[in-house]
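The data block below is input.cif; it holds mmCIF, C-alpha atoms.
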```cif
data_run
#
loop_
_atom_site.group_PDB
_atom_site.id
_atom_site.type_symbol
_atom_site.label_atom_id
_atom_site.label_comp_id
_atom_site.auth_asym_id
_atom_site.auth_seq_id
_atom_site.Cartn_x
_atom_site.Cartn_y
_atom_site.Cartn_z
ATOM 1 C CA MET A 233 -18.970 13.382 -18.197
ATOM 2 C CA ASP A 234 -21.280 15.951 -19.735
ATOM 3 C CA GLU A 235 -19.920 19.411 -20.438
ATOM 4 C CA ASP A 236 -22.053 21.216 -17.812
ATOM 5 C CA LEU A 237 -20.830 18.945 -15.037
ATOM 6 C CA LYS A 238 -17.259 19.159 -16.311
ATOM 7 C CA LYS A 239 -17.417 22.954 -16.330
ATOM 8 C CA LYS A 240 -18.979 23.100 -12.850
ATOM 9 C CA LEU A 241 -16.460 20.738 -11.282
ATOM 10 C CA SER A 242 -13.495 22.372 -12.997
ATOM 11 C CA ARG A 243 -14.339 25.498 -10.971
ATOM 12 C CA ASP A 244 -14.220 23.487 -7.732
ATOM 13 C CA PRO A 245 -11.910 25.580 -5.526
ATOM 14 C CA ASN A 246 -10.530 22.761 -3.378
ATOM 15 C CA GLY A 247 -12.095 19.377 -4.171
ATOM 16 C CA LEU A 248 -15.107 19.551 -1.887
ATOM 17 C CA LEU A 249 -17.622 19.907 -4.740
ATOM 18 C CA THR A 250 -16.130 16.914 -6.531
ATOM 19 C CA TYR A 251 -16.073 14.868 -3.318
ATOM 20 C CA GLU A 252 -19.721 15.715 -2.649
ATOM 21 C CA TYR A 253 -20.661 14.837 -6.214
ATOM 22 C CA ILE A 254 -18.984 11.449 -5.886
ATOM 23 C CA ALA A 255 -20.589 10.754 -2.502
ATOM 24 C CA ASN A 256 -24.057 11.862 -3.588
ATOM 25 C CA ASN A 257 -24.001 9.982 -6.896
ATOM 26 C CA ILE A 258 -21.911 6.895 -6.098
ATOM 27 C CA ASP A 259 -24.471 4.510 -7.612
ATOM 28 C CA ALA A 260 -24.468 6.230 -11.005
ATOM 29 C CA ILE A 261 -20.925 7.406 -11.734
ATOM 30 C CA ASP A 262 -18.828 4.329 -12.436
ATOM 31 C CA ASP A 263 -18.477 5.257 -16.103
ATOM 32 C CA ILE A 264 -17.119 8.728 -15.291
ATOM 33 C CA MET A 265 -15.101 7.859 -12.168
ATOM 34 C CA PRO A 266 -11.723 8.273 -13.946
ATOM 35 C CA GLU A 267 -12.694 11.803 -15.012
ATOM 36 C CA LEU A 268 -13.922 12.632 -11.514
ATOM 37 C CA VAL A 269 -10.666 11.364 -10.017
ATOM 38 C CA ASP A 270 -8.651 13.421 -12.505
ATOM 39 C CA ASN A 271 -10.677 16.515 -11.634
ATOM 40 C CA MET A 272 -10.231 15.893 -7.909
ATOM 41 C CA ILE A 273 -6.477 15.654 -8.340
ATOM 42 C CA ALA A 274 -6.390 18.801 -10.467
ATOM 43 C CA VAL A 275 -8.333 21.012 -8.052
ATOM 44 C CA ASP A 276 -7.227 19.760 -4.611
ATOM 45 C CA GLN A 277 -3.930 21.456 -3.829
ATOM 46 C CA THR A 278 -3.446 20.080 -0.302
ATOM 47 C CA GLY A 279 -4.561 16.475 -0.705
ATOM 48 C CA GLN A 280 -7.375 16.770 1.821
ATOM 49 C CA PHE A 281 -10.212 15.708 -0.457
ATOM 50 C CA VAL A 282 -8.013 13.410 -2.530
ATOM 51 C CA ALA A 283 -7.273 11.417 0.648
ATOM 52 C CA SER A 284 -10.892 11.586 1.807
ATOM 53 C CA THR A 285 -12.136 10.329 -1.533
ATOM 54 C CA ALA A 286 -9.696 7.408 -1.441
ATOM 55 C CA ARG A 287 -10.912 6.472 2.044
ATOM 56 C CA TYR A 288 -14.559 6.835 0.993
ATOM 57 C CA LEU A 289 -14.176 4.656 -2.093
ATOM 58 C CA HIS A 290 -12.249 2.080 -0.058
ATOM 59 C CA ALA A 291 -15.103 1.927 2.449
ATOM 60 C CA ILE A 292 -17.734 1.615 -0.278
ATOM 61 C CA ASP A 293 -16.021 -1.127 -2.323
ATOM 62 C CA ALA A 294 -12.247 -1.461 -2.242
ATOM 63 C CA ASP A 295 -12.123 -4.022 -5.046
ATOM 64 C CA LYS A 296 -14.475 -2.236 -7.415
ATOM 65 C CA TYR A 297 -12.705 1.104 -7.019
ATOM 66 C CA ALA A 298 -9.148 -0.240 -6.663
ATOM 67 C CA ALA A 299 -7.773 1.642 -9.682
ATOM 68 C CA SER A 300 -9.294 4.949 -8.559
ATOM 69 C CA ILE A 301 -8.115 4.419 -4.988
ATOM 70 C CA ASP A 302 -4.583 3.702 -6.190
ATOM 71 C CA THR A 303 -4.532 6.877 -8.297
ATOM 72 C CA LEU A 304 -5.922 8.975 -5.441
ATOM 73 C CA VAL A 305 -3.469 7.559 -2.890
ATOM 74 C CA LYS A 306 -0.515 8.333 -5.156
ATOM 75 C CA ALA A 307 -1.803 11.893 -5.535
ATOM 76 C CA ALA A 308 -2.364 12.251 -1.783
ATOM 77 C CA ILE A 309 1.229 11.196 -1.106
ATOM 78 C CA ASP A 310 2.474 13.886 -3.471
ATOM 79 C CA LYS A 311 0.093 16.638 -2.370
ATOM 80 C CA ASP A 312 0.070 16.226 1.437
ATOM 81 C CA ARG A 313 3.438 17.820 2.134
ATOM 82 C CA GLU A 314 2.486 18.659 5.729
ATOM 83 C CA HIS A 315 1.375 15.068 6.436
ATOM 84 C CA SER A 316 -1.977 16.325 7.632
ATOM 85 C CA TYR A 317 -4.051 13.648 5.897
ATOM 86 C CA LEU A 318 -1.653 10.735 5.468
ATOM 87 C CA PRO A 319 -2.084 9.379 9.039
ATOM 88 C CA ASP A 320 -5.838 8.975 8.578
ATOM 89 C CA LEU A 321 -5.327 7.627 5.072
ATOM 90 C CA ILE A 322 -2.891 4.897 6.115
ATOM 91 C CA ALA A 323 -5.110 3.794 9.007
ATOM 92 C CA GLY A 324 -8.253 3.984 6.888
ATOM 93 C CA LEU A 325 -6.862 1.813 4.115
ATOM 94 C CA TRP A 326 -4.648 -0.641 5.989
ATOM 95 C CA GLY A 327 -6.294 -0.699 9.436
ATOM 96 C CA ALA A 328 -5.485 0.854 12.780
ATOM 97 C CA ASP A 329 -2.884 -1.849 13.426
ATOM 98 C CA TYR A 330 -0.942 -1.109 10.212
ATOM 99 C CA ALA A 331 2.281 -0.463 12.159
ATOM 100 C CA ASP A 332 2.217 -4.040 13.456
ATOM 101 C CA HIS A 333 2.347 -5.275 9.856
ATOM 102 C CA ALA A 334 4.545 -2.588 8.320
ATOM 103 C CA SER A 335 7.172 -4.986 6.985
ATOM 104 C CA GLU A 336 4.686 -7.253 5.241
ATOM 105 C CA LEU A 337 2.617 -4.366 3.895
ATOM 106 C CA SER A 338 5.700 -2.552 2.627
ATOM 107 C CA ALA A 339 6.823 -5.640 0.758
ATOM 108 C CA THR A 340 3.515 -5.965 -1.078
ATOM 109 C CA ASP A 341 2.176 -2.424 -1.440
ATOM 110 C CA ASP A 342 4.209 0.467 -2.798
ATOM 111 C CA ASN A 343 1.670 3.074 -1.690
ATOM 112 C CA PHE A 344 1.806 1.787 1.881
ATOM 113 C CA ARG A 345 5.612 1.838 1.807
ATOM 114 C CA ARG A 346 5.710 5.404 0.485
ATOM 115 C CA ILE A 347 3.252 6.711 3.091
ATOM 116 C CA TYR A 348 4.947 4.853 5.950
ATOM 117 C CA LYS A 349 8.358 6.229 4.986
ATOM 118 C CA ARG A 350 6.947 9.767 4.931
ATOM 119 C CA LEU A 351 5.285 9.413 8.297
ATOM 120 C CA TYR A 352 8.135 7.555 10.010
ATOM 121 C CA PRO A 353 11.366 8.435 8.196
ATOM 122 C CA ALA A 354 13.581 7.629 11.198
ATOM 123 C CA LYS A 355 12.047 4.195 11.868
ATOM 124 C CA GLY A 356 12.581 2.664 8.511
ATOM 125 C CA ILE A 357 10.782 -0.464 7.522
#
```
Could you render the structure as structure tokens?
Amino acid sequence: MDEDLKKKLSRDPNGLLTYEYIANNIDAIDDIMPELVDNMIAVDQTGQFVASTARYLHAIDADKYAASIDTLVKAAIDKDREHSYLPDLIAGLWGADYADHASELSATDDNFRRIYKRLYPAKGI
């Protein structure tokens, strides 16, 4: 990432500028995606744009961006203390019927298990 872009995005107040940069330049940023993800995590205090970026990358190409998605989901779990963005994140990544497959998904995906336990602590898995 060049220094001008790094400086600009480091002043991002909440993650929106970084999210927009990713969305507007998705075809030309693969080589700097790890730095963009790190910046997003550093500037987004609530997890809103971290979760949105994970959902966006999943929709674009879940396999290609798997490492970035994993990093963003882990950050979203930690940042979204109010559980404002986790419901959309879990449905966006694992489908609207995720609850029907909670046991299987929990056994194979730690991120799913962590989100599900936060959203439904009384249900268990």
query: Any idea what's packed within 10 Å of Ser242 (chain A), counting all atoms listed in the file, ignoring anything in its chain fewer than 3 positions away? Could you give it as a PyMOL selection string?
result: chain A and resi 236-239+245+247+249-250+268+271-272+274-275
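Nearest to His290 (chain A) of all the residues A:Gly327, A:His315, A:Gln277, A:Asp270 is A:Gly327, counting all atoms listed in the file.
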- prompt: Nearest to Asp320 (chain A) among A:Met265, A:Ala299, A:Pro353, A:Ser284, with distances taken over all atoms listed in the file: which residue is it?
  reply: A:Ser284
message: If we count all atoms listed in the file and set the cut-off at 12 Å, which residues sit around Asp312 (chain A), ignoring sequence neighbours fewer than 5 positions away in its own chain? Please answer as a VMD selection string.
response: chain A and resid 273 276 to 284 304 to 307 317 to 321 347 350 to 351
query: Got a sec: who's within 12 Å of region 330-333 of chain A, counting all atoms listed in the file, leaving out chain neighbours fewer than 6 positions off, as a VMD selection string?
result: chain A and resid 319 to 324 339 to 341 344 to 345 347 to 349 351 to 352 355 to 357
Padding of 6 Å on every side, edges along x, y and z, all listed atoms of region 294-306 of chain A included: what centre and edge lengths in Å, to one decimal, does that box have, as lines of an AutoDock Vina configuration file?
```
center_x = -7.5
center_y = 2.5
center_z = -6.0
size_x = 26.0
size_y = 25.0
size_z = 19.4
```
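Distances to Asp293 (chain A) were evaluated for A:Ile258, A:Val269, A:Ala308, A:Met233 using only C-alpha atoms, and the minimum falls at A:Ile258.
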message: Would you compute the distance between CA of Leu248 (chain A) and CA of Leu289 (chain A)? Give it in Å to one decimal.
response: 14.9 Å
statement: Students should find that CA of Asn246 (chain A) and CA of Ala328 (chain A) are spaced 27.7 Å
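The coordinates place CA of Thr285 (chain A) at 8.2 Å from CA of Ile254 (chain A).
Counting all atoms listed in the file, the residue from A:Lys240, A:Asp329, A:Ala286, A:Ser300 that sits nearest to Asp262 (chain A) is A:Ser300.
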